[in-house]
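A.B. asks: One structure, pasted below without further comment.
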Amino acid sequence: MTITMRPALPADAAALAALSTELGYPADSSTLAARLAVLLAAPEQHFVHVVEQHDKVRGWIHGYIRPLLESATCVEIGGLVVAADSRSQGLGAHLLQACEQWAASHGIAELTVRSAEQRLDAHRFYQRHGYRHIKTQLTLRKQLP
Ligand SMILES: CC(C)(COP(=O)(O)OP(=O)(O)OC[C@H]1O[C@@H](n2cnc3c(N)ncnc32)[C@H](O)[C@@H]1OP(=O)(O)O)[C@@H](O)C(=O)NCCC(=O)NCCS
C-alpha cells in the first residue's frame, strides 16, 4: 500500500469537504475552499496536510499554533479525519506524527486536542499516541445577530 503525505492544496477543497462532512461537520466545497485559503495564507500558524492512498485523498489534519496568556503556546489539533473505509491502516497515525513534527520544528513541545465525549474510538487512538485526558469541559456558543 502506498501512502503519500503532502500539504493540502486549494484543489483539495472538494475532498476535504467530503471528509469534513464524514467528521460530522458538513461543508460544501466552496465553503471549504474559502476556509482553506485563509489557513494556507498563514503557513507559519497553520499546518494542513492530507494523506493519499492510490492518488486519492483519504484523510486530512489541521493543526494550528495557539498562543495563550495563561499557559504555554501549544499546537492545537483543530481537525483530523480519515475516510471510513481507510481507517485502521495507520493513515491517522501518519497525519498525527507529521503534525507533531511540525510543532517540534516550531519549538513547541505540547499538543492539545479536544474530542467530543462520544468519540471513544478517537480517544483510544490519541491515548495510544501518548495524549492524556486532562479535563472535561462544557462548550458554550452564542450566535450574534
Ligand atoms: C480517529 C481517526 C482519525 C484514526 O485514523 P486511522 O487512520 O483509523 O488511525 P490508525 O490506523 O493510525 O489507528 C487506528 C486506531 O484508531 C482507533 N480508531 C478510532 N476510530 C476508529 C474507527 N472509526 N475505525 C477504526 N479505528 C478507529 C482505534 O484505536 C484503531 O486501532 P485498531 O485498528 O487497533 O482498532 C479515524 O478513525 C477517524 O477519522 N475517526 C472519525 C473522526 C474522528 O473521530 N476524528 C477525531 C476527532 S478529534
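Going through the C-alpha cells in order, the chains are called A, B, and so on, while each chain numbers its residues from 1 and the ligands are numbered from 1 in the order shown.
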Which residues are near Gln137 in chain A? Cut-off 12 Å, only C-alpha atoms, ignore same chain within fewer than 3 positions. Put them as a ChimeraX atom specification.
C.D. replies: /A:114-117,133-134,140
A.B. asks: Using N, CA, C and O atoms, can you export the residues from the last selection as an mmCIF file, in the first residue's frame?
C.D. replies:
data_model
loop_
_atom_site.group_PDB
_atom_site.id
_atom_site.type_symbol
_atom_site.label_atom_id
_atom_site.label_comp_id
_atom_site.auth_asym_id
_atom_site.auth_seq_id
_atom_site.Cartn_x
_atom_site.Cartn_y
_atom_site.Cartn_z
ATOM 1 N N ARG A 114 -9.176 18.612 21.356
ATOM 2 C CA ARG A 114 -10.477 18.488 22.032
ATOM 3 C C ARG A 114 -11.279 17.480 21.230
ATOM 4 O O ARG A 114 -11.410 17.620 20.019
ATOM 5 N N SER A 115 -11.776 16.498 21.909
ATOM 6 C CA SER A 115 -12.500 15.439 21.203
ATOM 7 C C SER A 115 -13.831 15.211 21.907
ATOM 8 O O SER A 115 -13.873 15.090 23.141
ATOM 9 N N ALA A 116 -14.897 15.191 21.124
ATOM 10 C CA ALA A 116 -16.238 15.040 21.702
ATOM 11 C C ALA A 116 -16.307 13.775 22.561
ATOM 12 O O ALA A 116 -15.669 12.759 22.250
ATOM 13 N N GLU A 117 -17.102 13.892 23.638
ATOM 14 C CA GLU A 117 -17.190 12.810 24.630
ATOM 15 C C GLU A 117 -17.507 11.447 24.019
ATOM 16 O O GLU A 117 -17.013 10.424 24.463
ATOM 17 N N HIS A 133 -5.828 12.391 29.020
ATOM 18 C CA HIS A 133 -7.075 13.107 29.293
ATOM 19 C C HIS A 133 -6.802 14.126 30.406
ATOM 20 O O HIS A 133 -6.518 13.735 31.537
ATOM 21 N N ILE A 134 -6.917 15.415 30.090
ATOM 22 C CA ILE A 134 -6.594 16.467 31.050
ATOM 23 C C ILE A 134 -7.840 16.937 31.791
ATOM 24 O O ILE A 134 -7.849 17.067 33.003
ATOM 25 N N LEU A 140 -19.692 26.320 25.105
ATOM 26 C CA LEU A 140 -20.804 27.277 25.019
ATOM 27 C C LEU A 140 -20.642 28.098 23.751
ATOM 28 O O LEU A 140 -19.515 28.349 23.317
#
A.B. asks: If we count only C-alpha atoms, what is near range 2-18 of chain A at a cut-off of 9 Å, once residues fewer than 4 positions away on the same chain are taken out, given as an MDAnalysis selection string?
C.D. replies: chainID A and resid 22:23 25:34 36:37 40 47:60 91 94:95 98
A.B. asks: Using only C-alpha atoms and all ligand atoms, what are the residues with an atom within 8 Å of ligand 1, set out as an NGL selection string?
C.D. replies: :A and (22-24 or 59 or 77-84 or 86-94 or 113-116 or 119-126 or 128)
A.B. asks: Quick check, in Å to one decimal: how far apart do CA of Pro67 in chain A and CA of Lys135 in chain A lie?
C.D. replies: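 Computing the Euclidean distance for CA of Pro67 in chain A and CA of Lys135 in chain A yields 19.3 Å.
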A.B. asks: So how far away is CA of Gln127 in chain A from CA of Glu44 in chain A, in Å?
C.D. replies: 27.2 Å
A.B. asks: Of the residues A:Val75, A:Ser20, A:Leu138, A:Gln143, which is the one nearest to Gln45 in chain A, using only C-alpha atoms?
C.D. replies: A:Val75
A.B. asks: Quick one: DSSP strand (DSSP E or B) residues in chain A, as a compact mmCIF listing (two decimals) with all heavy atoms, in the first residue's frame?
C.D. replies:
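Written out: selection-v3.txt:
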# COMPACT_ATOMS: atom_id res chain seq x y z
N ILE A 3 1.27 5.08 0.73
CA ILE A 3 0.67 6.21 1.44
C ILE A 3 1.53 7.43 1.15
O ILE A 3 2.75 7.37 1.26
CB ILE A 3 0.66 5.96 2.96
CG1 ILE A 3 -0.31 4.83 3.31
CG2 ILE A 3 0.27 7.22 3.72
CD1 ILE A 3 -0.32 4.50 4.79
N THR A 4 0.90 8.51 0.72
CA THR A 4 1.63 9.74 0.47
C THR A 4 1.08 10.84 1.36
O THR A 4 -0.13 11.01 1.47
CB THR A 4 1.44 10.20 -1.01
OG1 THR A 4 1.59 9.07 -1.84
CG2 THR A 4 2.45 11.26 -1.39
N MET A 5 2.00 11.57 1.98
CA MET A 5 1.60 12.73 2.77
C MET A 5 2.05 13.96 2.03
O MET A 5 3.14 14.00 1.48
CB MET A 5 2.36 12.72 4.11
CG MET A 5 2.09 11.55 4.98
SD MET A 5 0.65 11.82 5.98
CE MET A 5 1.06 13.39 6.67
N ARG A 6 1.21 14.99 2.06
CA ARG A 6 1.62 16.25 1.44
C ARG A 6 0.78 17.40 2.00
O ARG A 6 -0.31 17.17 2.54
CB ARG A 6 1.50 16.18 -0.09
CG ARG A 6 0.08 15.97 -0.56
CD ARG A 6 -0.06 16.19 -2.06
NE ARG A 6 -1.39 15.84 -2.53
CZ ARG A 6 -2.47 16.61 -2.41
NH1 ARG A 6 -2.37 17.80 -1.82
NH2 ARG A 6 -3.64 16.23 -2.87
N PRO A 7 1.29 18.63 1.85
CA PRO A 7 0.48 19.78 2.27
C PRO A 7 -0.80 19.85 1.43
O PRO A 7 -0.79 19.48 0.26
CB PRO A 7 1.39 20.99 1.96
CG PRO A 7 2.77 20.42 1.86
CD PRO A 7 2.62 19.02 1.35
N HIS A 46 -0.48 27.67 10.59
CA HIS A 46 -1.39 26.54 10.31
C HIS A 46 -0.69 25.43 9.55
O HIS A 46 0.05 25.69 8.59
CB HIS A 46 -2.60 27.03 9.50
CG HIS A 46 -3.45 28.00 10.25
ND1 HIS A 46 -4.40 27.60 11.16
CD2 HIS A 46 -3.46 29.35 10.24
CE1 HIS A 46 -4.97 28.68 11.68
NE2 HIS A 46 -4.42 29.74 11.14
N PHE A 47 -0.99 24.22 9.96
CA PHE A 47 -0.47 23.02 9.30
C PHE A 47 -1.68 22.25 8.76
O PHE A 47 -2.52 21.80 9.54
CB PHE A 47 0.29 22.19 10.33
CG PHE A 47 0.83 20.89 9.82
CD1 PHE A 47 2.07 20.84 9.18
CD2 PHE A 47 0.11 19.72 9.98
CE1 PHE A 47 2.58 19.63 8.72
CE2 PHE A 47 0.63 18.51 9.52
CZ PHE A 47 1.85 18.46 8.89
N VAL A 48 -1.77 22.18 7.45
CA VAL A 48 -2.88 21.42 6.86
C VAL A 48 -2.27 20.41 5.89
O VAL A 48 -1.70 20.79 4.86
CB VAL A 48 -3.89 22.32 6.11
CG1 VAL A 48 -5.15 21.52 5.77
CG2 VAL A 48 -4.25 23.56 6.91
N HIS A 49 -2.36 19.15 6.25
CA HIS A 49 -1.80 18.09 5.42
C HIS A 49 -2.87 17.08 5.05
O HIS A 49 -3.83 16.88 5.81
CB HIS A 49 -0.68 17.37 6.19
CG HIS A 49 0.70 17.78 5.76
ND1 HIS A 49 1.13 19.09 5.75
CD2 HIS A 49 1.76 17.04 5.33
CE1 HIS A 49 2.38 19.13 5.34
NE2 HIS A 49 2.79 17.90 5.07
N VAL A 50 -2.66 16.46 3.91
CA VAL A 50 -3.55 15.38 3.51
C VAL A 50 -2.73 14.10 3.38
O VAL A 50 -1.52 14.13 3.19
CB VAL A 50 -4.27 15.67 2.17
CG1 VAL A 50 -5.11 16.93 2.28
CG2 VAL A 50 -3.29 15.76 1.01
N VAL A 51 -3.43 12.98 3.49
CA VAL A 51 -2.80 11.69 3.21
C VAL A 51 -3.55 11.09 2.02
O VAL A 51 -4.78 11.16 1.94
CB VAL A 51 -2.81 10.77 4.46
CG1 VAL A 51 -4.21 10.45 4.94
CG2 VAL A 51 -2.02 9.49 4.20
N GLU A 52 -2.75 10.56 1.08
CA GLU A 52 -3.33 9.96 -0.11
C GLU A 52 -3.01 8.47 -0.15
O GLU A 52 -1.94 8.04 0.27
CB GLU A 52 -2.75 10.60 -1.38
CG GLU A 52 -3.24 12.01 -1.62
CD GLU A 52 -2.64 12.60 -2.90
OE1 GLU A 52 -1.44 12.34 -3.18
OE2 GLU A 52 -3.37 13.27 -3.61
N GLN A 53 -3.97 7.75 -0.67
CA GLN A 53 -3.80 6.32 -0.91
C GLN A 53 -4.23 6.11 -2.35
O GLN A 53 -5.34 6.54 -2.71
CB GLN A 53 -4.76 5.57 0.02
CG GLN A 53 -4.22 4.35 0.66
CD GLN A 53 -5.24 3.75 1.61
OE1 GLN A 53 -6.37 4.18 1.70
NE2 GLN A 53 -4.84 2.72 2.31
N LYS A 56 -5.58 9.17 -4.12
CA LYS A 56 -6.86 9.74 -3.71
C LYS A 56 -6.73 10.23 -2.27
O LYS A 56 -6.17 9.51 -1.42
CB LYS A 56 -7.93 8.64 -3.79
CG LYS A 56 -9.26 9.18 -4.24
CD LYS A 56 -10.28 8.09 -4.47
CE LYS A 56 -11.66 8.71 -4.22
NZ LYS A 56 -12.63 7.79 -3.74
N VAL A 57 -7.22 11.44 -2.01
CA VAL A 57 -7.15 11.98 -0.65
C VAL A 57 -8.04 11.16 0.26
O VAL A 57 -9.25 11.01 0.02
CB VAL A 57 -7.56 13.47 -0.62
CG1 VAL A 57 -7.65 13.97 0.81
CG2 VAL A 57 -6.57 14.31 -1.41
N ARG A 58 -7.44 10.59 1.32
CA ARG A 58 -8.19 9.72 2.24
C ARG A 58 -8.25 10.28 3.65
O ARG A 58 -8.89 9.68 4.52
CB ARG A 58 -7.57 8.31 2.27
CG ARG A 58 -7.43 7.64 0.94
CD ARG A 58 -8.71 7.59 0.17
NE ARG A 58 -9.69 6.68 0.73
CZ ARG A 58 -11.02 6.80 0.58
NH1 ARG A 58 -11.53 7.79 -0.11
NH2 ARG A 58 -11.82 5.93 1.13
N GLY A 59 -7.56 11.39 3.89
CA GLY A 59 -7.62 11.96 5.23
C GLY A 59 -6.93 13.31 5.28
O GLY A 59 -6.15 13.65 4.38
N TRP A 60 -7.26 14.07 6.30
CA TRP A 60 -6.58 15.36 6.50
C TRP A 60 -6.44 15.67 7.97
O TRP A 60 -7.18 15.16 8.81
CB TRP A 60 -7.28 16.50 5.77
CG TRP A 60 -8.71 16.83 6.13
CD1 TRP A 60 -9.82 16.49 5.42
CD2 TRP A 60 -9.19 17.59 7.27
NE1 TRP A 60 -10.95 16.98 6.05
CE2 TRP A 60 -10.60 17.66 7.17
CE3 TRP A 60 -8.57 18.22 8.34
CZ2 TRP A 60 -11.38 18.33 8.13
CZ3 TRP A 60 -9.35 18.89 9.29
CH2 TRP A 60 -10.74 18.94 9.16
N ILE A 61 -5.46 16.54 8.25
CA ILE A 61 -5.27 17.06 9.60
C ILE A 61 -5.03 18.56 9.51
O ILE A 61 -4.40 19.05 8.56
CB ILE A 61 -4.10 16.36 10.34
CG1 ILE A 61 -4.09 16.74 11.83
CG2 ILE A 61 -2.76 16.67 9.70
CD1 ILE A 61 -3.19 15.86 12.69
N HIS A 62 -5.57 19.28 10.47
CA HIS A 62 -5.27 20.71 10.61
C HIS A 62 -4.78 20.93 12.04
O HIS A 62 -5.50 20.63 13.01
CB HIS A 62 -6.54 21.55 10.36
CG HIS A 62 -6.39 22.99 10.77
ND1 HIS A 62 -7.40 23.71 11.32
CD2 HIS A 62 -5.30 23.83 10.70
CE1 HIS A 62 -6.98 24.95 11.59
NE2 HIS A 62 -5.71 25.04 11.22
N GLY A 63 -3.57 21.43 12.16
CA GLY A 63 -3.04 21.84 13.46
C GLY A 63 -2.70 23.32 13.38
O GLY A 63 -2.34 23.81 12.32
N TYR A 64 -2.84 24.03 14.47
CA TYR A 64 -2.51 25.45 14.46
C TYR A 64 -1.87 25.87 15.77
O TYR A 64 -2.12 25.28 16.82
CB TYR A 64 -3.75 26.32 14.16
CG TYR A 64 -4.85 26.22 15.17
CD1 TYR A 64 -4.98 27.16 16.19
CD2 TYR A 64 -5.77 25.17 15.12
CE1 TYR A 64 -5.99 27.07 17.11
CE2 TYR A 64 -6.78 25.07 16.06
CZ TYR A 64 -6.89 26.02 17.04
OH TYR A 64 -7.89 25.92 17.97
N ILE A 65 -1.04 26.88 15.66
CA ILE A 65 -0.34 27.39 16.84
C ILE A 65 -1.31 28.25 17.63
O ILE A 65 -1.95 29.16 17.08
CB ILE A 65 0.92 28.17 16.42
CG1 ILE A 65 1.91 27.19 15.77
CG2 ILE A 65 1.55 28.85 17.64
CD1 ILE A 65 3.17 27.81 15.24
N ARG A 66 -1.44 27.93 18.92
CA ARG A 66 -2.41 28.62 19.78
C ARG A 66 -1.66 29.33 20.92
O ARG A 66 -1.36 28.72 21.93
CB ARG A 66 -3.39 27.59 20.35
CG ARG A 66 -4.66 28.20 20.91
CD ARG A 66 -5.51 27.15 21.57
NE ARG A 66 -4.94 26.74 22.84
CZ ARG A 66 -5.55 25.96 23.74
NH1 ARG A 66 -6.74 25.47 23.49
NH2 ARG A 66 -4.98 25.66 24.87
N CYS A 74 0.78 26.25 22.54
CA CYS A 74 0.75 24.84 22.11
C CYS A 74 0.26 24.78 20.68
O CYS A 74 -0.15 25.79 20.10
CB CYS A 74 -0.17 24.02 23.01
SG CYS A 74 -1.92 24.37 22.77
N VAL A 75 0.35 23.61 20.10
CA VAL A 75 -0.33 23.36 18.82
C VAL A 75 -1.61 22.62 19.14
O VAL A 75 -1.60 21.61 19.84
CB VAL A 75 0.57 22.55 17.86
CG1 VAL A 75 -0.26 21.95 16.73
CG2 VAL A 75 1.65 23.44 17.28
N GLU A 76 -2.70 23.16 18.67
CA GLU A 76 -3.99 22.50 18.85
C GLU A 76 -4.37 21.79 17.55
O GLU A 76 -4.24 22.36 16.46
CB GLU A 76 -5.06 23.53 19.22
CG GLU A 76 -6.45 22.92 19.26
CD GLU A 76 -7.30 23.40 20.42
OE1 GLU A 76 -6.79 24.13 21.29
OE2 GLU A 76 -8.47 23.02 20.43
N ILE A 77 -4.82 20.58 17.69
CA ILE A 77 -5.32 19.87 16.52
C ILE A 77 -6.78 20.29 16.33
O ILE A 77 -7.64 19.99 17.14
CB ILE A 77 -5.20 18.34 16.70
CG1 ILE A 77 -3.70 17.97 16.82
CG2 ILE A 77 -5.84 17.60 15.53
CD1 ILE A 77 -3.46 16.59 17.34
N GLY A 78 -7.01 21.03 15.27
CA GLY A 78 -8.35 21.56 15.02
C GLY A 78 -9.26 20.52 14.39
O GLY A 78 -10.47 20.52 14.63
N GLY A 79 -8.69 19.64 13.60
CA GLY A 79 -9.48 18.60 12.95
C GLY A 79 -8.58 17.50 12.44
O GLY A 79 -7.43 17.76 12.03
N LEU A 80 -9.09 16.29 12.50
CA LEU A 80 -8.37 15.12 11.98
C LEU A 80 -9.42 14.11 11.56
O LEU A 80 -10.30 13.76 12.35
CB LEU A 80 -7.47 14.51 13.07
CG LEU A 80 -6.92 13.11 12.81
CD1 LEU A 80 -5.99 13.09 11.60
CD2 LEU A 80 -6.16 12.59 14.04
N VAL A 81 -9.33 13.68 10.33
CA VAL A 81 -10.30 12.67 9.88
C VAL A 81 -9.67 11.79 8.80
O VAL A 81 -8.88 12.26 7.99
CB VAL A 81 -11.61 13.33 9.36
CG1 VAL A 81 -11.36 14.25 8.19
CG2 VAL A 81 -12.66 12.28 9.00
N VAL A 82 -10.01 10.53 8.87
CA VAL A 82 -9.61 9.56 7.84
C VAL A 82 -10.90 8.93 7.30
O VAL A 82 -11.83 8.64 8.08
CB VAL A 82 -8.68 8.46 8.44
CG1 VAL A 82 -8.47 7.32 7.45
CG2 VAL A 82 -7.34 9.07 8.83
N LEU A 111 1.03 19.44 22.41
CA LEU A 111 -0.13 19.44 21.51
C LEU A 111 -1.39 19.19 22.32
O LEU A 111 -1.36 18.48 23.34
CB LEU A 111 -0.01 18.35 20.43
CG LEU A 111 0.99 18.69 19.31
CD1 LEU A 111 2.34 18.10 19.65
CD2 LEU A 111 0.49 18.19 17.98
N THR A 112 -2.47 19.79 21.87
CA THR A 112 -3.76 19.65 22.53
C THR A 112 -4.79 19.25 21.48
O THR A 112 -4.71 19.70 20.33
CB THR A 112 -4.21 21.02 23.12
OG1 THR A 112 -3.22 21.45 24.02
CG2 THR A 112 -5.54 20.90 23.85
N VAL A 113 -5.71 18.43 21.89
CA VAL A 113 -6.85 18.13 21.00
C VAL A 113 -8.10 18.06 21.86
O VAL A 113 -8.06 17.56 22.99
CB VAL A 113 -6.62 16.83 20.20
CG1 VAL A 113 -6.46 15.61 21.08
CG2 VAL A 113 -7.74 16.60 19.18
A.B. asks: Write down as a ChimeraX atom specification the residues belonging to range 33-120 of chain A that are assigned helix (DSSP H, G or I) by DSSP computed on the backbone.
C.D. replies: /A:33-40,84-86,91-105,120
